[in-house]
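Q: Could you have a look at this structure, given as structure tokens, before my questions?
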Amino acid sequence: MIFVTTGTQEPFDRFLKIIDAIVPYLHEEIIVQAFRDIYNPKNFSLREFISPGEFVSIMERSRLVVSHAGMGTILSALRMDKPIVVFPRVAAMGEHRNEHQIESANKMYDMGYVYLASDENALKSYMLKKDIQPLKKIDNKASDSLINSLVDFIG
């Protein structure tokens, strides 16, 4: 099962359209949690809200997590030893207030924690890969090196 999540605070229709185009190739269950806006998916059901307990349950059952560059989702996937593909929102396309998601996603990718997809082809390639593995696992307390890297990055 693949768990796709974009959080509950802002729409991300460009991402949902891409996911909708990929779903027919997957041949497996997909759960998509996202803020509903204009786009109405054809190939999956959209869930606007998932309780924290159900979020954990879905994450535990998933073979892959695909997400915007939300740090909560990234850290949850890393703690649960799940591979995560990050597809950041782009402020220049009206998807966010600034480009912090691109910057965060690039940093986490450079550190070897996440797979990074910047376009539809890369995202499809990762999602179709049946043997995709987690890159790193973290404990409930992040390592000093991760914390220091993020502090240096933030600033």
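By convention in this document, the chains of the structure tokens carry letters A, B, ... by their order, each chain's residues are numbered from 1, and ligands are numbered from 1 in the order they are shown.
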Give me the residues within 10 Å of Lys124 of chain A as a ChimeraX atom specification, counting only C-alpha atoms and dropping any in the same chain fewer than 5 places off.

A: /A:18-19,21-23,25-26,117,119,129

Q: Excluding Lys17 of chain A and any residue of its chain fewer than 3 positions from it, enumerate the residues within 9 Å of it, using only C-alpha atoms, and give them as a list of chain:residue names.

A: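 The contact residues come out as A:Phe12, A:Asp13, A:Arg14, A:Asp20, A:Ala21, A:Ile22, A:Tyr39, A:Asn40, A:Pro41.
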
Q: Which residue, A:Ser57, A:Arg79, A:Arg63, A:Glu10, has the smallest gap to Asp37 of chain A when you use only C-alpha atoms?

A: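 That would be A:Glu10, the residue with the smallest distance to Asp37 of chain A.
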
Q: Where does DSSP see alpha helix (DSSP H) in segment 44-128 of chain A, if you list the residues as a PyMOL selection string?

A: chain A and resi 52-61+71-79+100-110+120-128

Q: Rank A:Phe87, A:Phe35, A:Phe3, A:Phe15 by their smallest atom-to-atom distance to Glu54 of chain A, using only C-alpha atoms, and report the top residue only.

A: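 With only C-alpha atoms as the atom set, the closest residue is A:Phe3.
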
Q: Please measure the separation of atom CA of His68 of chain A and atom CA of Lys107 of chain A, giving the value in Å to one decimal.

A: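 Separating atom CA of His68 of chain A from atom CA of Lys107 of chain A is a distance of 14.1 Å.
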
Q: Find the nearest atom pair between each residue of segment 15-61 of chain A and segment 4-9 of chain A for residues within 6 Å, count only C-alpha atoms, give distances in Å to one decimal, sort rows by chain and ascending number, and present the table as a tab-separated table.

A:
residue	atom	partner	partner_atom	distance
A:Val32	CA	A:Val4	CA	4.7
A:Gln33	CA	A:Thr5	CA	4.7
A:Ala34	CA	A:Thr6	CA	5.0
A:Phe35	CA	A:Thr8	CA	5.0

Q: For the atom pair atom CA of Met111 of chain A and atom CA of Gly53 of chain A, what is the interatomic distance in Å to one decimal place?

A: 29.2 Å

Q: Which of these, A:Leu116, A:Leu78, A:Ala122, A:Leu64, has the shortest distance to Ile138 of chain A once you count only C-alpha atoms?

A: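 Under the stated criterion, the closest residue is A:Leu78.
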
Q: Report, in Å with one decimal, the straight-line distance from atom CA of Glu48 of chain A to atom CA of Leu123 of chain A.

A: 21.8 Å

Q: I want to know what sits within 12 Å of Met108 of chain A, based on only C-alpha atoms, with residues of the same chain fewer than 3 positions away left out; could you give that as number ranges by chain?

A: A: 69-71, 74-75, 78, 84-88, 101-105, 111-116, 135-136, 146-147, 149-150, 153

Q: Would you save the residues from that selection as a JSON list (two decimals), in the first residue's frame, using C-alpha atoms?

A:
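The resulting file, selection_8.json, is shown below:
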[["chain", "number", "residue", "atom", "x", "y", "z"],
["A", 69, "ALA", "CA", 7.93, 18.36, 2.13],
["A", 70, "GLY", "CA", 6.14, 18.54, 5.47],
["A", 71, "MET", "CA", 8.66, 17.86, 8.21],
["A", 74, "ILE", "CA", 9.09, 13.14, 6.87],
["A", 75, "LEU", "CA", 10.06, 12.57, 10.50],
["A", 78, "LEU", "CA", 11.85, 8.04, 9.19],
["A", 84, "ILE", "CA", 9.56, 8.41, 1.71],
["A", 85, "VAL", "CA", 9.44, 10.26, -1.58],
["A", 86, "VAL", "CA", 9.17, 14.01, -1.19],
["A", 87, "PHE", "CA", 7.52, 16.21, -3.82],
["A", 88, "PRO", "CA", 7.81, 19.78, -2.49],
["A", 101, "GLN", "CA", 9.68, 23.21, 1.11],
["A", 102, "ILE", "CA", 12.11, 23.06, -1.79],
["A", 103, "GLU", "CA", 14.98, 24.06, 0.50],
["A", 104, "SER", "CA", 13.98, 21.53, 3.18],
["A", 105, "ALA", "CA", 13.47, 18.74, 0.66],
["A", 111, "MET", "CA", 21.70, 14.30, 3.86],
["A", 112, "GLY", "CA", 20.46, 10.96, 2.49],
["A", 113, "TYR", "CA", 17.13, 10.79, 4.36],
["A", 114, "VAL", "CA", 14.55, 11.05, 1.55],
["A", 115, "TYR", "CA", 14.00, 10.36, -2.11],
["A", 116, "LEU", "CA", 13.33, 13.60, -3.98],
["A", 135, "LEU", "CA", 17.23, 5.35, 3.26],
["A", 136, "LYS", "CA", 17.64, 5.95, 6.99],
["A", 146, "LEU", "CA", 20.77, 15.56, 12.16],
["A", 147, "ILE", "CA", 19.79, 18.22, 14.69],
["A", 149, "SER", "CA", 22.63, 19.96, 10.34],
["A", 150, "LEU", "CA", 19.06, 21.24, 10.52],
["A", 153, "PHE", "CA", 20.48, 25.02, 7.72]]

Q: Pick from A:Asp110, A:Lys82, A:Glu120, A:Ser76: nearest to Ile132 of chain A, with only C-alpha atoms counted?

A: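 Closest candidate: A:Lys82.
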
Q: Could you go through segment 1-154 of chain A and tell me which residues DSSP, when run on the backbone, assigns to strand (DSSP E or B), listing them as a list of chain:residue names?

A: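 So the strand (DSSP E or B) residues in segment 1-154 of chain A would be A:Ile2, A:Phe3, A:Val4, A:Thr5, A:Ile30, A:Ile31, A:Val32, A:Gln33, A:Leu46, A:Arg47, A:Leu64, A:Val65, A:Val66, A:Ser67, A:Ile84, A:Val85, A:Val86, A:Tyr115, A:Leu116.
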
Q: Could you turn the residues from that selection into a file that holds C-alpha atoms, as a PDB file, in the first residue's frame?

A:
ATOM      1  CA  ILE A   2       1.173   3.517  -0.785  1.00  0.00           C
ATOM      2  CA  PHE A   3       0.262   6.387   1.513  1.00  0.00           C
ATOM      3  CA  VAL A   4       0.146   9.809  -0.152  1.00  0.00           C
ATOM      4  CA  THR A   5      -0.294  12.829   2.084  1.00  0.00           C
ATOM      5  CA  ILE A  30      -3.351   3.758  -2.381  1.00  0.00           C
ATOM      6  CA  ILE A  31      -4.605   6.031   0.375  1.00  0.00           C
ATOM      7  CA  VAL A  32      -4.508   9.755  -0.352  1.00  0.00           C
ATOM      8  CA  GLN A  33      -4.994  12.377   2.352  1.00  0.00           C
ATOM      9  CA  LEU A  46      -9.490  11.658  -1.489  1.00  0.00           C
ATOM     10  CA  ARG A  47      -9.606  11.779   2.294  1.00  0.00           C
ATOM     11  CA  LEU A  64       5.952   3.678   0.669  1.00  0.00           C
ATOM     12  CA  VAL A  65       5.070   7.197   1.781  1.00  0.00           C
ATOM     13  CA  VAL A  66       4.757   9.986  -0.797  1.00  0.00           C
ATOM     14  CA  SER A  67       4.411  13.491   0.548  1.00  0.00           C
ATOM     15  CA  ILE A  84       9.557   8.410   1.713  1.00  0.00           C
ATOM     16  CA  VAL A  85       9.443  10.263  -1.579  1.00  0.00           C
ATOM     17  CA  VAL A  86       9.168  14.010  -1.190  1.00  0.00           C
ATOM     18  CA  TYR A 115      13.997  10.357  -2.113  1.00  0.00           C
ATOM     19  CA  LEU A 116      13.328  13.599  -3.981  1.00  0.00           C
TER      20      LEU A 116
END
